[in-house]
Amino acid sequence: MAAPASAEEKVLVTGNVAAAEGAVRAGCRFYFGYPITPQNDLPEYMSSRMPEVGGTFIQAESELAAISLVHGAAAAGGRAMTSSSSPGISLKQEGLSYLAGSELPALIVNVQRGGPGLGDVRCGQADYFQATRGGGHGDYRLLVLAPHTVQETFDLAYEAFDLAEARRCPVMILTDQQLGQMMEPLVPAPMKDLPAVQDHPWALTGAEGRPRRIVKSFYWRPGELEEFNRRLREKYMRMEKELPRWEEDRAADADVVLVAYGTSARIAREAVDVARGEGIRAGLVRPITLWPFPAAPLAAAARRGARFLVVEMSWGQMIDDVKLSLYGTPRPVDLCWRAGGGVPTVAEVAECIRKARR
Amino acid sequence: MKPAEAKLKAGRPRLLLPDRTHYCAGCGHGVVHRIIAEVLQEWGIRGQAIGMAPVGCAVLMYQYLDIDACESPHGRTPEVAAGIKRARPDKLVFSYQGDGDLAAIGTNEIIHVANRGEPISVIFVNNAVYGMTGGQMAPTTVPGQKTTTTPKGRSVTAEGYPVRVCELLAALEKPAYLERCVIGSAKEIQRTKNAIKKSFRVQRDLGAFSLVEILSPCPTYWRVPPAKSVKYIETWMEQIFPPGVVKDVTK
């Protein structure tokens, strides 16, 4: 994609390219990655885009190396990102735990495919637990953003570094094979005017005329680590309170509230159309942040007596968060799922709605 | 000599903080830390340096050196250093690593950082054993050496031969300078200091990758008294890891 001509510029790109360009226009000048399908057009795009904007692109020797390069560039004050797909994201968990423990901002894009193991390269949403529970060792979370269009993929990537720096934590954009590889029109936001590296009060810049800074996650004196964890917990609890984000579509009067993100949310929305056509009051709550999970709209729907239908491409992972959101107001929660590369059809989801209503 | 009559030959460099280190008696890490502190201080570049601490005995390096520093997952140390250097190309970035970090879990990282010619200085402290975890076999443990996981001595049949890192990296095009030194006699320590200086110069002037391997004593897990550990290096380690310049493109 060429440099922006104007704010009205409209282009046709894949979700993967939209994530890349969103990050670039947000000031990301460091991209480190490793090939894996179905996200390869993202690093390929970055290999030519980064030099155009004076940035750094490295195809690393492994996912471990890529996330470690992100760690270094982030510690030095750069906006740094990596991308991968499910098996590769598993490899990055070590680095994610260290980033969270070192309180470094960074962007990680996971274009989910089917699993477990090598799985296949078709669509999946079975990395939900891994994404929303931190994924690596220790107590931490990722801030997880879940777009459902190419435009939203750009928009969230464009915003991700601001969130990551404000909270000093890694941010994950969780998409899937269909969202990553399909093309849609995109109106990109303009390039942010930022230096390649920023002199954050914690960044390693060389201790010229000031006390040294140490970026670390190792706390060895008795009580130090416990104190650090107490502080981390407070930080994440603030995020839980302040950051949940979601979109509602015809949910206000819905008897059956569908809950879905990413590609599943697009299908769920069409199924809601079908159900409404049949006189069934169905609606959709689409979480945009998967962590922190938007419990409030679900709890509110439960209090007015709605039933719930979770649509996801896994045997059922997000459904646990939906059930937790209803705590104290037990309501029926059904699951409409396909996994292992299968994508639910609108007809299948519509049938699930009919069943859920009975 | 009574303390009152003692004559100070050399003070502690300011960049080496006055903490009591956690290192064992006779350990080489303190000496290597001191060398780094001396070089940065002599050159007046405290504000230019960023150091990478490894997972291993030297993880607390940042506790003792008064410079900006970062820590990384085990073995990823040179890649994190490379990330810092890419973001701050005008700084002097060094990665400080032990033999487990560099030659076992981080073999992939060191080879590819060297192969890309990332302009960082790697200070590789080889003491032929895992110290922090209690004396297990390292990739550089010498044949016959007893460790807590080779109780009968390292068997080359079962465990293979020690990995010679400098020679391995010398097979690559981009490394500019590879030298193996020793923490032993005063002369050898001076040679180690010169090698670290040279490594920093190669980074600054040539923008190239370099590595200084330092054979360093670990009396605790070699189970020899500190005073005999230097002899141990000569007898056991130098046969496998001959000191000297392995590659130098500046000559």
# chains A, B, ... in the order shown; residues from 1 in each chain; ligands from 1
$ closest_atom_pairs --of "chain B" --to "chain A" --cutoff "6 Å" --atoms "only C-alpha atoms" --output "tab-separated table"
residue	atom	partner	partner_atom	distance
B:Gly47	CA	A:Glu208	CA	3.7
B:Gln48	CA	A:Gly206	CA	4.8
B:Ala49	CA	A:Gly206	CA	5.5
B:Ile50	CA	A:Gly206	CA	5.8
B:Ile67	CA	A:Arg212	CA	5.1
B:Asp68	CA	A:Arg213	CA	4.8
B:Ala69	CA	A:Ile214	CA	4.9
B:Cys70	CA	A:Val215	CA	4.6
B:Glu71	CA	A:Lys216	CA	5.2
B:Glu79	CA	A:Leu69	CA	5.3
B:Val80	CA	A:Gly72	CA	4.2
B:Ala81	CA	A:Gly72	CA	6.0
B:Gly83	CA	A:Gly72	CA	4.1
B:Ile84	CA	A:Gly72	CA	4.4
B:Ala87	CA	A:Ala73	CA	5.3
$ residues_around --residues "stretch 252-257 of chain A" --least-positions-apart "3" --cutoff "9 Å" --atoms "only C-alpha atoms" --output "ChimeraX atom specification"
/A:248-249,280-285,298,301,305-310,353,356-357
$ select_by_dssp --residues "stretch 95-129 of chain B" --states "alpha helix (DSSP H)" --output "ChimeraX atom specification"
/B:99-100,107-116
$ write_last_selection --atoms "N, CA and C atoms" --output "short mmCIF file (atom, residue, chain, number, x, y, z; two decimals), in the first residue's frame"
data_model
loop_
_atom_site.label_atom_id
_atom_site.label_comp_id
_atom_site.auth_asym_id
_atom_site.auth_seq_id
_atom_site.Cartn_x
_atom_site.Cartn_y
_atom_site.Cartn_z
N ASP B 99 27.89 -20.27 29.53
CA ASP B 99 27.97 -21.33 28.52
C ASP B 99 26.64 -22.05 28.29
N GLY B 100 25.83 -22.17 29.35
CA GLY B 100 24.51 -22.79 29.15
C GLY B 100 23.63 -21.89 28.31
N THR B 107 21.95 -21.61 21.39
CA THR B 107 22.84 -21.86 20.24
C THR B 107 22.28 -21.26 18.96
N ASN B 108 20.97 -21.46 18.75
CA ASN B 108 20.33 -20.93 17.55
C ASN B 108 20.49 -19.42 17.49
N GLU B 109 20.21 -18.77 18.62
CA GLU B 109 20.24 -17.30 18.65
C GLU B 109 21.65 -16.77 18.37
N ILE B 110 22.67 -17.36 19.01
CA ILE B 110 24.01 -16.80 18.83
C ILE B 110 24.48 -16.99 17.38
N ILE B 111 24.13 -18.14 16.80
CA ILE B 111 24.57 -18.38 15.42
C ILE B 111 23.93 -17.37 14.47
N HIS B 112 22.64 -17.12 14.65
CA HIS B 112 21.96 -16.23 13.70
C HIS B 112 22.25 -14.75 13.94
N VAL B 113 22.45 -14.39 15.20
CA VAL B 113 22.87 -13.01 15.48
C VAL B 113 24.25 -12.77 14.87
N ALA B 114 25.13 -13.75 15.02
CA ALA B 114 26.48 -13.64 14.42
C ALA B 114 26.39 -13.65 12.90
N ASN B 115 25.51 -14.50 12.37
CA ASN B 115 25.41 -14.63 10.92
C ASN B 115 24.84 -13.37 10.27
N ARG B 116 23.95 -12.70 10.98
CA ARG B 116 23.42 -11.42 10.45
C ARG B 116 24.43 -10.30 10.65
#
$ residues_around --residues "B:Gly26" --least-positions-apart "3" --cutoff "7 Å" --atoms "only C-alpha atoms" --output "ChimeraX atom specification"
/B:217-219,226
$ closest_residue --among "B:Val142, B:Leu65, B:Val224, B:Val182" --to "B:Thr21" --atoms "only C-alpha atoms"
B:Leu65
$ residues_around --residues "B:Ala208" --least-positions-apart "3" --cutoff "10 Å" --atoms "only C-alpha atoms" --output "NGL selection string"
:B and (114 or 116-121 or 174-177 or 199-205)
$ closest_residue --among "A:Lys323, A:His137, A:Arg113, A:Arg25" --to "A:Ile89" --atoms "only C-alpha atoms"
A:Arg113
$ select_by_dssp --residues "stretch 157-328 of chain A" --states "strand (DSSP E or B)" --output "PyMOL selection string"
chain A and resi 170-176+183-186+197+214-215+246-249+256-259+282-287+289-291+307-312
$ residues_around --residues "B:Tyr64" --least-positions-apart "6" --cutoff "8 Å" --atoms "only C-alpha atoms" --output "number ranges by chain"
B: 16-19, 21, 33
$ atom_distance --atom1 "atom CA of B:Pro54" --atom2 "atom CA of B:Gln97"
5.3 Å
$ atom_distance --atom1 "atom CA of B:Val156" --atom2 "atom CA of B:Glu213"
22.6 Å
$ closest_residue --among "B:Val249, B:Val39, B:Leu178, B:Val212" --to "B:Ile123" --atoms "only C-alpha atoms"
B:Val212
$ closest_residue --among "B:Thr192, B:Lys251, B:Arg223, B:Met137" --to "B:Val125" --atoms "only C-alpha atoms"
B:Thr192
